[in-house]
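Structure file final03.cif; described as mmCIF, C-alpha atoms.
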```cif
data_work
#
loop_
_atom_site.label_atom_id
_atom_site.label_comp_id
_atom_site.auth_asym_id
_atom_site.auth_seq_id
_atom_site.Cartn_x
_atom_site.Cartn_y
_atom_site.Cartn_z
CA MET A 883 -34.53 -29.23 9.71
CA ALA A 884 -31.68 -27.26 11.31
CA ILE A 885 -29.98 -28.56 14.45
CA LEU A 886 -30.22 -26.69 17.75
CA GLU A 887 -27.77 -23.84 18.06
CA PRO A 888 -25.37 -22.74 20.79
CA GLY A 889 -27.04 -20.92 23.66
CA THR A 890 -30.07 -23.22 23.57
CA GLU A 891 -30.99 -25.35 26.58
CA ALA A 892 -30.30 -28.99 25.58
CA PRO A 893 -33.63 -30.87 25.68
CA ASP A 894 -33.56 -33.41 28.50
CA PHE A 895 -34.18 -37.07 27.74
CA ARG A 896 -34.31 -40.43 29.41
CA LEU A 897 -33.20 -43.21 27.09
CA ASN A 898 -32.13 -46.79 27.52
CA VAL A 899 -28.39 -47.35 27.32
CA THR A 900 -28.67 -51.09 27.99
CA PRO A 901 -31.81 -53.28 27.80
CA ASP A 902 -32.43 -52.66 31.54
CA GLN A 903 -30.72 -49.32 32.29
CA ALA A 904 -31.69 -45.81 31.31
CA LEU A 905 -29.66 -42.61 31.27
CA SER A 906 -31.14 -39.16 31.87
CA LEU A 907 -29.31 -36.22 30.42
CA HIS A 908 -29.85 -34.13 33.57
CA GLU A 909 -27.91 -36.74 35.59
CA LEU A 910 -24.80 -35.52 33.77
CA ARG A 911 -25.10 -31.91 35.00
CA GLY A 912 -21.90 -30.59 36.53
CA LYS A 913 -19.59 -31.61 33.71
CA PRO A 914 -19.42 -31.00 29.98
CA VAL A 915 -21.25 -33.50 27.79
CA VAL A 916 -20.37 -34.48 24.24
CA LEU A 917 -23.65 -35.69 22.75
CA PHE A 918 -23.49 -37.09 19.26
CA PHE A 919 -26.24 -38.43 17.04
CA TYR A 920 -25.28 -40.85 14.28
CA PRO A 921 -27.26 -42.78 11.67
CA ALA A 922 -26.83 -46.40 12.73
CA ASP A 923 -24.74 -49.07 14.43
CA TRP A 924 -22.77 -51.50 12.25
CA SER A 925 -21.42 -49.16 9.64
CA PRO A 926 -18.89 -51.19 7.64
CA VAL A 927 -15.99 -48.73 7.81
CA CYS A 928 -12.88 -49.03 10.00
CA GLY A 929 -12.43 -46.13 12.36
CA GLU A 930 -16.02 -45.07 12.05
CA GLN A 931 -17.25 -42.23 14.25
CA THR A 932 -18.15 -44.43 17.23
CA THR A 933 -14.81 -46.29 17.22
CA LEU A 934 -12.81 -43.12 16.58
CA TYR A 935 -14.39 -41.42 19.61
CA ASN A 936 -13.68 -44.52 21.67
CA GLU A 937 -9.97 -44.07 20.89
CA ILE A 938 -10.10 -40.38 21.79
CA LEU A 939 -11.90 -40.95 25.10
CA PRO A 940 -8.80 -40.10 27.20
CA GLU A 941 -8.73 -36.67 25.52
CA PHE A 942 -12.41 -36.05 26.32
CA GLU A 943 -11.72 -37.14 29.90
CA ARG A 944 -9.00 -34.50 30.21
CA TYR A 945 -11.86 -31.99 30.01
CA ARG A 946 -13.99 -34.13 32.38
CA ALA A 947 -16.43 -34.48 29.50
CA GLN A 948 -18.91 -37.35 29.32
CA LEU A 949 -19.42 -38.81 25.85
CA VAL A 950 -22.86 -40.14 24.87
CA GLY A 951 -23.82 -41.50 21.45
CA VAL A 952 -27.45 -41.65 20.25
CA SER A 953 -29.00 -43.52 17.35
CA VAL A 954 -32.39 -45.07 16.61
CA ASP A 955 -31.04 -48.60 17.11
CA SER A 956 -32.51 -50.68 19.92
CA ALA A 957 -30.69 -51.21 23.22
CA TRP A 958 -30.01 -54.84 22.25
CA CYS A 959 -28.44 -53.75 18.99
CA HIS A 960 -26.31 -51.16 20.84
CA ALA A 961 -25.21 -53.82 23.34
CA ALA A 962 -23.97 -56.15 20.60
CA PHE A 963 -22.34 -53.30 18.69
CA ALA A 964 -20.61 -51.87 21.78
CA LYS A 965 -19.34 -55.32 22.73
CA GLN A 966 -17.96 -56.01 19.26
CA ASN A 967 -16.10 -52.68 19.16
CA HIS A 968 -15.11 -52.55 22.85
CA LEU A 969 -16.86 -49.20 23.27
CA ARG A 970 -16.26 -47.65 26.69
CA TYR A 971 -19.03 -45.04 26.72
CA PRO A 972 -22.84 -45.25 26.63
CA LEU A 973 -24.89 -45.51 23.46
CA ALA A 974 -28.45 -44.32 24.02
CA SER A 975 -31.35 -45.85 22.17
CA ASP A 976 -33.73 -43.32 20.58
CA PHE A 977 -35.96 -46.22 19.63
CA GLU A 978 -39.49 -45.70 20.92
CA PRO A 979 -41.03 -43.52 19.68
CA LYS A 980 -38.35 -43.72 17.05
CA GLY A 981 -36.14 -40.66 16.71
CA SER A 982 -38.19 -38.53 19.10
CA ILE A 983 -35.07 -37.11 20.82
CA ALA A 984 -33.19 -36.60 17.56
CA LYS A 985 -36.24 -34.61 16.39
CA LYS A 986 -36.05 -32.34 19.46
CA TYR A 987 -32.42 -31.56 18.57
CA GLY A 988 -33.30 -30.97 14.93
CA ALA A 989 -31.15 -33.94 14.02
CA TYR A 990 -33.62 -36.41 12.49
CA ARG A 991 -33.70 -37.37 8.81
CA LYS A 992 -37.38 -38.10 8.30
CA LYS A 993 -36.86 -39.36 4.76
CA ASP A 994 -34.28 -41.93 5.91
CA GLY A 995 -35.73 -42.72 9.32
CA PHE A 996 -32.48 -42.18 11.18
CA ALA A 997 -30.46 -39.39 12.84
CA GLU A 998 -28.06 -36.94 11.25
CA ARG A 999 -24.38 -36.95 12.16
CA ALA A 1000 -24.89 -34.08 14.58
CA VAL A 1001 -22.59 -33.27 17.49
CA PHE A 1002 -23.45 -31.13 20.52
CA VAL A 1003 -21.05 -30.00 23.22
CA LEU A 1004 -23.02 -29.04 26.35
CA ASP A 1005 -21.65 -26.97 29.21
CA SER A 1006 -21.92 -28.19 32.79
CA ASN A 1007 -25.36 -26.53 33.11
CA GLY A 1008 -26.79 -28.43 30.16
CA LYS A 1009 -26.72 -25.54 27.74
CA ILE A 1010 -25.51 -26.10 24.18
CA PHE A 1011 -22.06 -24.52 23.81
CA TRP A 1012 -21.21 -25.76 20.31
CA SER A 1013 -23.03 -27.79 17.67
CA TYR A 1014 -22.15 -29.16 14.27
CA CYS A 1015 -23.96 -31.20 11.64
CA SER A 1016 -21.86 -33.14 9.16
CA PRO A 1017 -23.01 -34.48 5.77
CA VAL A 1018 -24.36 -37.93 6.57
CA ALA A 1019 -21.64 -39.73 4.57
CA VAL A 1020 -18.80 -37.81 6.24
CA ASN A 1021 -17.43 -38.76 9.62
CA PRO A 1022 -17.01 -35.35 11.30
CA GLY A 1023 -13.90 -36.45 13.20
CA ALA A 1024 -13.12 -34.98 16.59
CA ASP A 1025 -11.06 -31.84 15.99
CA GLY A 1026 -14.13 -29.58 16.26
CA ILE A 1027 -15.23 -31.24 19.51
CA LEU A 1028 -11.78 -30.89 21.09
CA ASP A 1029 -11.59 -27.22 20.06
CA ALA A 1030 -15.04 -26.65 21.59
CA LEU A 1031 -14.08 -28.38 24.86
CA GLU A 1032 -10.90 -26.30 24.99
CA ASN A 1033 -12.85 -23.06 24.48
CA LEU A 1034 -15.48 -24.13 26.98
CA SER A 1035 -12.87 -24.77 29.67
CA LYS A 1036 -11.24 -21.38 28.96
CA GLU A 1037 -14.60 -19.66 29.28
CA GLN A 1038 -15.31 -21.56 32.49
CA ARG A 1039 -11.98 -20.45 33.95
CA ARG A 1040 -12.69 -16.84 33.00
CA SER A 1041 -16.09 -16.84 34.69
CA ASP A 1042 -14.63 -18.59 37.76
CA ASP A 1043 -12.01 -15.82 37.99
CA LYS A 1044 -14.69 -13.19 37.71
CA ALA A 1045 -16.76 -14.84 40.43
CA GLU A 1046 -13.71 -14.98 42.64
CA ARG A 1047 -12.93 -11.30 42.07
CA SER A 1048 -16.48 -10.25 42.87
CA THR A 1049 -16.35 -12.30 46.08
CA PHE A 1050 -13.24 -10.39 47.10
CA ALA A 1051 -14.85 -7.09 46.16
CA ALA A 1052 -17.82 -7.87 48.38
CA MET B 1350 -11.13 -28.00 3.10
CA ILE B 1351 -9.44 -29.73 6.03
CA LYS B 1352 -5.78 -28.83 6.55
CA LEU B 1353 -2.99 -30.71 8.23
CA ASN B 1354 -1.99 -28.74 11.30
CA VAL B 1355 1.17 -30.66 12.21
CA PRO B 1356 3.60 -30.01 9.33
CA LEU B 1357 6.13 -32.64 8.32
CA SER B 1358 9.42 -32.42 10.17
CA PRO B 1359 12.76 -34.25 10.04
CA HIS B 1360 11.32 -36.58 12.72
CA ASP B 1361 8.79 -37.94 10.25
CA HIS B 1362 9.28 -41.05 8.15
CA ILE B 1363 9.54 -39.76 4.58
CA GLN B 1364 10.40 -41.49 1.31
CA GLY B 1365 11.49 -39.42 -1.69
CA GLU B 1366 13.13 -36.11 -2.43
CA GLU B 1367 12.61 -33.05 -0.28
CA ASP B 1368 11.98 -30.89 -3.35
CA ALA B 1369 9.30 -33.21 -4.78
CA ALA B 1370 6.31 -31.26 -6.14
CA VAL B 1371 3.80 -33.30 -4.16
CA THR B 1372 3.87 -34.78 -0.67
CA LEU B 1373 1.47 -37.60 0.08
CA LEU B 1374 1.03 -38.25 3.79
CA GLU B 1375 -0.83 -41.25 5.16
CA TYR B 1376 -2.23 -41.71 8.66
CA GLY B 1377 -2.46 -45.48 8.95
CA ASP B 1378 -2.97 -48.47 11.21
CA TYR B 1379 -1.01 -51.70 10.63
CA GLN B 1380 -3.98 -53.88 11.52
CA CYS B 1381 -6.58 -52.00 9.46
CA PRO B 1382 -7.55 -54.03 6.39
CA HIS B 1383 -8.29 -50.88 4.38
CA CYS B 1384 -4.75 -49.65 5.09
CA GLY B 1385 -3.53 -53.08 3.98
CA LEU B 1386 -5.23 -52.59 0.61
CA ALA B 1387 -4.09 -48.98 0.37
CA TYR B 1388 -0.48 -50.08 0.95
CA TYR B 1389 -0.29 -51.61 -2.54
CA ILE B 1390 -2.06 -48.63 -4.07
CA VAL B 1391 0.43 -46.21 -2.49
CA LYS B 1392 3.26 -48.27 -4.01
CA ALA B 1393 1.62 -47.94 -7.44
CA VAL B 1394 1.14 -44.20 -6.92
CA GLN B 1395 4.82 -43.83 -5.97
CA ASP B 1396 5.84 -45.71 -9.14
CA HIS B 1397 3.52 -43.57 -11.22
CA TYR B 1398 5.03 -40.24 -10.08
CA SER B 1399 8.59 -41.33 -9.32
CA ASP B 1400 10.63 -38.25 -8.22
CA GLN B 1401 7.67 -35.89 -8.39
CA LEU B 1402 6.20 -37.36 -5.24
CA ARG B 1403 7.38 -38.03 -1.73
CA PHE B 1404 5.49 -40.19 0.73
CA ALA B 1405 5.28 -39.92 4.50
CA PHE B 1406 3.61 -42.19 7.05
CA ARG B 1407 2.25 -41.41 10.51
CA ASN B 1408 0.67 -43.76 13.00
CA PHE B 1409 -3.03 -43.78 13.70
CA PRO B 1410 -3.64 -47.07 15.52
CA LEU B 1411 -7.26 -47.77 16.44
CA ALA B 1412 -6.09 -49.76 19.41
CA GLN B 1413 -9.50 -50.67 20.84
CA ILE B 1414 -10.65 -52.52 17.74
CA HIS B 1415 -7.17 -53.53 16.53
CA PRO B 1416 -5.23 -54.88 19.53
CA LEU B 1417 -2.11 -55.52 17.45
CA ALA B 1418 -2.03 -52.09 15.82
CA GLU B 1419 -0.05 -50.47 18.62
CA PRO B 1420 2.58 -53.22 19.06
CA ALA B 1421 2.98 -53.26 15.27
CA ALA B 1422 3.46 -49.48 15.20
CA GLU B 1423 5.92 -49.75 18.10
CA THR B 1424 7.82 -52.37 16.11
CA ALA B 1425 7.98 -50.11 13.05
CA GLU B 1426 9.23 -47.23 15.21
CA PHE B 1427 11.76 -49.51 16.88
CA ALA B 1428 13.01 -50.47 13.42
CA GLY B 1429 13.04 -46.76 12.51
CA ALA B 1430 15.34 -46.05 15.45
CA HIS B 1431 17.72 -48.53 13.78
CA HIS B 1432 17.24 -47.07 10.28
CA ARG B 1433 14.96 -49.88 9.12
CA PHE B 1434 11.58 -48.13 9.29
CA TRP B 1435 10.47 -48.63 5.68
CA GLU B 1436 11.67 -52.23 5.52
CA MET B 1437 9.57 -52.99 8.61
CA HIS B 1438 6.62 -50.90 7.41
CA ASP B 1439 6.51 -52.83 4.13
CA SER B 1440 6.90 -56.22 5.83
CA LEU B 1441 4.09 -55.45 8.29
CA TYR B 1442 1.63 -54.67 5.51
CA GLU B 1443 2.81 -57.47 3.25
CA ASN B 1444 2.24 -59.96 6.08
CA GLN B 1445 -0.83 -58.28 7.52
CA GLU B 1446 -3.04 -61.36 7.28
CA ARG B 1447 -0.78 -63.21 9.71
CA LEU B 1448 -0.10 -60.25 12.01
CA SER B 1449 0.69 -61.50 15.53
CA LEU B 1450 3.23 -60.88 18.30
CA PRO B 1451 5.47 -63.76 17.10
CA LEU B 1452 5.40 -62.23 13.60
CA LEU B 1453 6.79 -58.95 14.99
CA PHE B 1454 9.80 -60.78 16.42
CA GLU B 1455 10.20 -62.83 13.26
CA LEU B 1456 10.29 -59.64 11.16
CA ALA B 1457 12.78 -57.99 13.51
CA ASP B 1458 15.05 -60.98 13.03
CA LEU B 1459 14.49 -60.92 9.27
CA HIS B 1460 15.68 -57.30 9.13
CA GLY B 1461 18.75 -57.95 11.27
CA LEU B 1462 17.35 -56.30 14.41
CA SER B 1463 17.79 -57.59 17.93
CA VAL B 1464 14.76 -59.59 19.02
CA SER B 1465 15.53 -59.07 22.70
CA ALA B 1466 15.87 -55.30 22.20
CA LEU B 1467 12.48 -55.27 20.46
CA ARG B 1468 10.99 -57.26 23.34
CA ARG B 1469 12.33 -54.65 25.77
CA ALA B 1470 11.00 -51.77 23.65
CA LEU B 1471 7.54 -53.39 23.57
CA ASP B 1472 7.60 -54.13 27.32
CA THR B 1473 8.58 -50.58 28.25
CA HIS B 1474 6.46 -48.98 25.47
CA GLU B 1475 9.51 -46.94 24.56
CA PHE B 1476 7.97 -45.73 21.30
CA LEU B 1477 4.37 -45.35 22.44
CA PRO B 1478 4.65 -41.60 23.24
CA ARG B 1479 5.70 -40.93 19.64
CA ILE B 1480 2.80 -43.01 18.35
CA ARG B 1481 0.29 -41.23 20.62
CA ASN B 1482 1.74 -37.95 19.42
CA ASP B 1483 1.15 -38.94 15.80
CA PHE B 1484 -2.37 -40.02 16.74
CA LEU B 1485 -3.30 -36.80 18.55
CA GLY B 1486 -1.81 -34.63 15.82
CA GLY B 1487 -3.95 -36.59 13.39
CA VAL B 1488 -7.10 -36.10 15.46
CA ARG B 1489 -6.39 -32.35 15.60
CA SER B 1490 -5.90 -32.32 11.80
CA GLY B 1491 -9.23 -33.96 11.06
CA VAL B 1492 -8.11 -37.57 10.59
CA ASN B 1493 -11.41 -39.39 10.95
CA GLY B 1494 -10.49 -42.99 10.22
CA THR B 1495 -7.87 -45.06 8.49
CA PRO B 1496 -6.35 -44.66 6.07
CA THR B 1497 -6.55 -40.86 5.84
CA PHE B 1498 -4.38 -39.16 3.22
CA PHE B 1499 -3.18 -35.57 2.99
CA ILE B 1500 -1.86 -34.21 -0.29
CA ASN B 1501 0.40 -31.17 0.21
CA GLY B 1502 -1.23 -30.70 3.59
CA GLU B 1503 -4.86 -30.87 2.43
CA ARG B 1504 -7.04 -33.79 3.42
CA HIS B 1505 -7.94 -36.07 0.51
CA ASP B 1506 -11.66 -36.77 0.94
CA GLY B 1507 -12.03 -39.20 -1.94
CA SER B 1508 -11.45 -42.94 -1.75
CA TYR B 1509 -8.01 -44.52 -1.56
CA GLU B 1510 -8.47 -46.13 -4.98
CA PHE B 1511 -5.61 -45.48 -7.41
CA GLU B 1512 -7.73 -43.34 -9.77
CA ASP B 1513 -9.05 -41.12 -6.97
CA LEU B 1514 -5.60 -40.52 -5.49
CA ILE B 1515 -4.09 -39.82 -8.91
CA ALA B 1516 -6.83 -37.33 -9.78
CA ASP B 1517 -6.26 -35.40 -6.57
CA ILE B 1518 -2.46 -35.50 -6.89
CA ASP B 1519 -2.67 -34.36 -10.54
CA ALA B 1520 -4.75 -31.39 -9.42
CA HIS B 1521 -2.00 -30.41 -6.97
CA LEU B 1522 0.71 -30.98 -9.59
CA GLY B 1523 -1.23 -28.72 -11.96
CA SER B 1524 -1.39 -25.91 -9.45
CA ALA B 1525 2.30 -26.45 -8.55
CA SER B 1526 3.40 -26.08 -12.21
CA GLN B 1527 1.21 -23.01 -12.65
CA ALA B 1528 2.85 -21.42 -9.64
CA ALA B 1529 6.34 -22.16 -11.04
#
```
So, in terms of structure tokens, how does the structure I just supplied come out?
Amino acid sequence: MAILEPGTEAPDFRLNVTPDQALSLHELRGKPVVLFFYPADWSPVCGEQTTLYNEILPEFERYRAQLVGVSVDSAWCHAAFAKQNHLRYPLASDFEPKGSIAKKYGAYRKKDGFAERAVFVLDSNGKIFWSYCSPVAVNPGADGILDALENLSKEQRRSDDKAERSTFAA
Amino acid sequence: MIKLNVPLSPHDHIQGEEDAAVTLLEYGDYQCPHCGLAYYIVKAVQDHYSDQLRFAFRNFPLAQIHPLAEPAAETAEFAGAHHRFWEMHDSLYENQERLSLPLLFELADLHGLSVSALRRALDTHEFLPRIRNDFLGGVRSGVNGTPTFFINGERHDGSYEFEDLIADIDAHLGSASQAA
């Protein structure tokens, strides 16, 4: 299954981010979103994807981007994991029916029963601007995401300029 | 293949000869237990290659999960400003299991550095910009955890076990001798 490509509308979802709070993707319209799917909480490696992104959060914030992680773990599992690792961004629980959102993004490993390591950068209108799927054993790092956010902000500036010019022309 | 995009400069901490055939660069965190294990392996790798290899270290503190990683890196940089970087680097890893703020001051004293000057440097975060700079350069070069090694500017994607590092370094030495 191939992941959704740039230019595609990002499928909306409403998932629990804590046992009693849900997050809808459309609530994040108006700013870029970094949406990443990952296999599972509690991977035993230091500096795993979730903790690495936590460290890089100030860089994402420079682009006003909201970071959201998604795995098939339950909201209770996410809560314990986020607490242990001091995570400062939401982890959404694609738990029931399991993996249904990952499937919509083409990021579900049916054989394993968990998500791929797939990363999507969405523009402020909820359209996929950049996507990348890493081999499941390889932490994709953040260089690709930061490049994508940089390019997205350049493109945004260009289209803002154009809009401004056409306003003057009119 | 992932490439380092911040080349080594005279500002880096480097051990070994400038004309060494292979440069091994580590992005590490003083509180990361994997880096603590890799420390001894790097020493063995340096012994194995002697003058053929030089070794450089850059900071990649995962400060949210390792609250002492940044103060430890600041202490190493403070020592570096007084020409004691490698002594402090080695002491930090060799005493990693008892890493604490008092240990940082104890090690400064051990290496003949002013404890009050270190306290000031930690209070004012004098060396933090350099550490953040290492960190961001690492992120931009595809460092995805600690330790991450680069061999002649190419990311080493194998484990940090001695055999894996040697195999990758040998491959680079082979291509270096072919080019010569």
Where does chain B meet chain A within 10 Å, residue by residue, with the nearest atom pair and distance in Å to one decimal for each, counting only C-alpha atoms, listed by chain and rising number, as JSON lines?
```
{"residue": "B:Asp1378", "atom": "CA", "partner": "A:Gly929", "partner_atom": "CA", "distance": 9.8}
{"residue": "B:Cys1381", "atom": "CA", "partner": "A:Cys928", "partner_atom": "CA", "distance": 7.0}
{"residue": "B:Pro1382", "atom": "CA", "partner": "A:Cys928", "partner_atom": "CA", "distance": 8.2}
{"residue": "B:His1383", "atom": "CA", "partner": "A:Cys928", "partner_atom": "CA", "distance": 7.5}
{"residue": "B:Cys1384", "atom": "CA", "partner": "A:Cys928", "partner_atom": "CA", "distance": 9.5}
{"residue": "B:Phe1409", "atom": "CA", "partner": "A:Gly929", "partner_atom": "CA", "distance": 9.8}
{"residue": "B:Pro1410", "atom": "CA", "partner": "A:Glu937", "partner_atom": "CA", "distance": 8.8}
{"residue": "B:Leu1411", "atom": "CA", "partner": "A:Glu937", "partner_atom": "CA", "distance": 6.4}
{"residue": "B:Ala1412", "atom": "CA", "partner": "A:Glu937", "partner_atom": "CA", "distance": 7.0}
{"residue": "B:Gln1413", "atom": "CA", "partner": "A:His968", "partner_atom": "CA", "distance": 6.2}
{"residue": "B:Ile1414", "atom": "CA", "partner": "A:Asn967", "partner_atom": "CA", "distance": 5.6}
{"residue": "B:His1415", "atom": "CA", "partner": "A:Asn967", "partner_atom": "CA", "distance": 9.3}
{"residue": "B:Phe1484", "atom": "CA", "partner": "A:Ile938", "partner_atom": "CA", "distance": 9.2}
{"residue": "B:Leu1485", "atom": "CA", "partner": "A:Ile938", "partner_atom": "CA", "distance": 8.3}
{"residue": "B:Gly1486", "atom": "CA", "partner": "A:Asp1025", "partner_atom": "CA", "distance": 9.7}
{"residue": "B:Gly1487", "atom": "CA", "partner": "A:Asp1025", "partner_atom": "CA", "distance": 8.9}
{"residue": "B:Val1488", "atom": "CA", "partner": "A:Asp1025", "partner_atom": "CA", "distance": 5.8}
{"residue": "B:Arg1489", "atom": "CA", "partner": "A:Asp1025", "partner_atom": "CA", "distance": 4.7}
{"residue": "B:Ser1490", "atom": "CA", "partner": "A:Asp1025", "partner_atom": "CA", "distance": 6.7}
{"residue": "B:Gly1491", "atom": "CA", "partner": "A:Asp1025", "partner_atom": "CA", "distance": 5.7}
{"residue": "B:Val1492", "atom": "CA", "partner": "A:Gly1023", "partner_atom": "CA", "distance": 6.4}
{"residue": "B:Asn1493", "atom": "CA", "partner": "A:Gly1023", "partner_atom": "CA", "distance": 4.5}
{"residue": "B:Gly1494", "atom": "CA", "partner": "A:Gly929", "partner_atom": "CA", "distance": 4.3}
{"residue": "B:Thr1495", "atom": "CA", "partner": "A:Gly929", "partner_atom": "CA", "distance": 6.1}
{"residue": "B:Pro1496", "atom": "CA", "partner": "A:Cys928", "partner_atom": "CA", "distance": 8.8}
{"residue": "B:Asp1506", "atom": "CA", "partner": "A:Val1020", "partner_atom": "CA", "distance": 9.0}
```
One decimal, Å: what's the distance from atom CA of Tyr1442 of chain B over to atom CA of His1505 of chain B, could you say?
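Atom CA of His1505 of chain B lies at a distance of 21.5 Å from atom CA of Tyr1442 of chain B.
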Would you please work out which residue, of A:Val899, A:Pro972, A:Ala1000, A:Arg991, is nearest to Ala957 of chain A when using only C-alpha atoms?
A:Val899
When you count all atoms listed in the file, which of these residues is closest to His1521 of chain B: B:Gln1364, B:Ser1463, B:Thr1424, B:Asn1501?
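Result for the nearest residue to His1521 of chain B: B:Asn1501.
Taking atom CA of Asp1472 of chain B and atom CA of Glu1423 of chain B as endpoints, the distance between them is 10.3 Å.
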Show which residues sit within 12 Å of Asn1033 of chain A, as a list in words. Count only C-alpha atoms, and ignore same-chain residues fewer than 4 positions away.
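So the residues in contact are Pro914, Tyr945, Val1003, Leu1004, Asp1005, Phe1011, Trp1012, Gly1026, Ile1027, Leu1028, Asp1029, Glu1037, Gln1038, Arg1039 and Arg1040 of chain A.
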Ground truth for the PyMOL selection byres ((chain B and resi 1350) around 7), written as a PyMOL selection string:
chain B and resi 1351-1352+1503
Between atom CA of Lys993 of chain A and atom CA of Glu887 of chain A, what is the distance, to one decimal in Å?
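One can read the atom CA of Lys993 of chain A to atom CA of Glu887 of chain A distance as 22.4 Å.
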Explicit residue set for the PyMOL selection byres ((chain A and resi 946) around 10), as a list in words:
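In the shown coordinates, the PyMOL selection byres ((chain A and resi 946) around 10) covers Gly912, Lys913, Pro914, Val915, Pro940, Glu941, Phe942, Glu943, Arg944, Tyr945, Ala947, Gln948, Leu949, Ser1006, Leu1031 and Ser1035 of chain A.
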The PyMOL selection byres ((chain B and resi 1385) around 12) applied to the shown file, residues as a PyMOL selection string
(chain A and resi 928) or (chain B and resi 1377-1384+1386-1392+1418+1438-1448+1495-1496+1509)
May I have the residues within 10 Å of Trp1435 of chain B as a list in words, using all atoms listed in the file and disregarding those fewer than 6 positions away in the same chain?
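Using all atoms listed in the file, the neighbours found are His1362, Ile1363, Gln1364, Phe1406, Ala1425, Glu1426, Ala1428, Gly1429 and Leu1441 of chain B.
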So, counting all atoms listed in the file, which residue among B:Leu1514, B:Leu1452, B:Ala1430, B:Val1371 is closest to Asp1400 of chain B?
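Counting all atoms listed in the file, the residue closest to Asp1400 of chain B is B:Val1371.
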Between B:Pro1451, B:Glu1510, B:Ile1515, B:Pro1420, which is the closest to Glu1475 of chain B once you count only C-alpha atoms?
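Of B:Pro1451, B:Glu1510, B:Ile1515, B:Pro1420, the one nearest Glu1475 of chain B, counting only C-alpha atoms, is B:Pro1420.
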Show which residues sit within 12 Å of Ile983 of chain A, as a list of chain:residue names. Count all atoms listed in the file, and ignore same-chain residues fewer than 5 positions away.
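Once the nearby chain positions are removed, what remains is A:Ile885, A:Leu886, A:Ala892, A:Pro893, A:Asp894, A:Phe895, A:Arg896, A:Leu897, A:Ser906, A:Leu907, A:Leu917, A:Phe918, A:Phe919, A:Val952, A:Ser953, A:Val954, A:Ala974, A:Ser975, A:Asp976, A:Phe977, A:Glu978, A:Gly988, A:Ala989, A:Tyr990, A:Phe996, A:Ala997, A:Glu998.
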Save the residues we just selected, C-alpha atoms, as a short mmCIF file (atom, residue, chain, number, x, y, z; two decimals), in the coordinates of the input?
```cif
data_model
loop_
_atom_site.label_atom_id
_atom_site.label_comp_id
_atom_site.auth_asym_id
_atom_site.auth_seq_id
_atom_site.Cartn_x
_atom_site.Cartn_y
_atom_site.Cartn_z
CA ILE A 885 -29.98 -28.56 14.45
CA LEU A 886 -30.22 -26.69 17.75
CA ALA A 892 -30.30 -28.99 25.58
CA PRO A 893 -33.63 -30.87 25.68
CA ASP A 894 -33.56 -33.41 28.50
CA PHE A 895 -34.18 -37.07 27.74
CA ARG A 896 -34.31 -40.43 29.41
CA LEU A 897 -33.20 -43.21 27.09
CA SER A 906 -31.14 -39.16 31.87
CA LEU A 907 -29.31 -36.22 30.42
CA LEU A 917 -23.65 -35.69 22.75
CA PHE A 918 -23.49 -37.09 19.26
CA PHE A 919 -26.24 -38.43 17.04
CA VAL A 952 -27.45 -41.65 20.25
CA SER A 953 -29.00 -43.52 17.35
CA VAL A 954 -32.39 -45.07 16.61
CA ALA A 974 -28.45 -44.32 24.02
CA SER A 975 -31.35 -45.85 22.17
CA ASP A 976 -33.73 -43.32 20.58
CA PHE A 977 -35.96 -46.22 19.63
CA GLU A 978 -39.49 -45.70 20.92
CA GLY A 988 -33.30 -30.97 14.93
CA ALA A 989 -31.15 -33.94 14.02
CA TYR A 990 -33.62 -36.41 12.49
CA PHE A 996 -32.48 -42.18 11.18
CA ALA A 997 -30.46 -39.39 12.84
CA GLU A 998 -28.06 -36.94 11.25
#
```
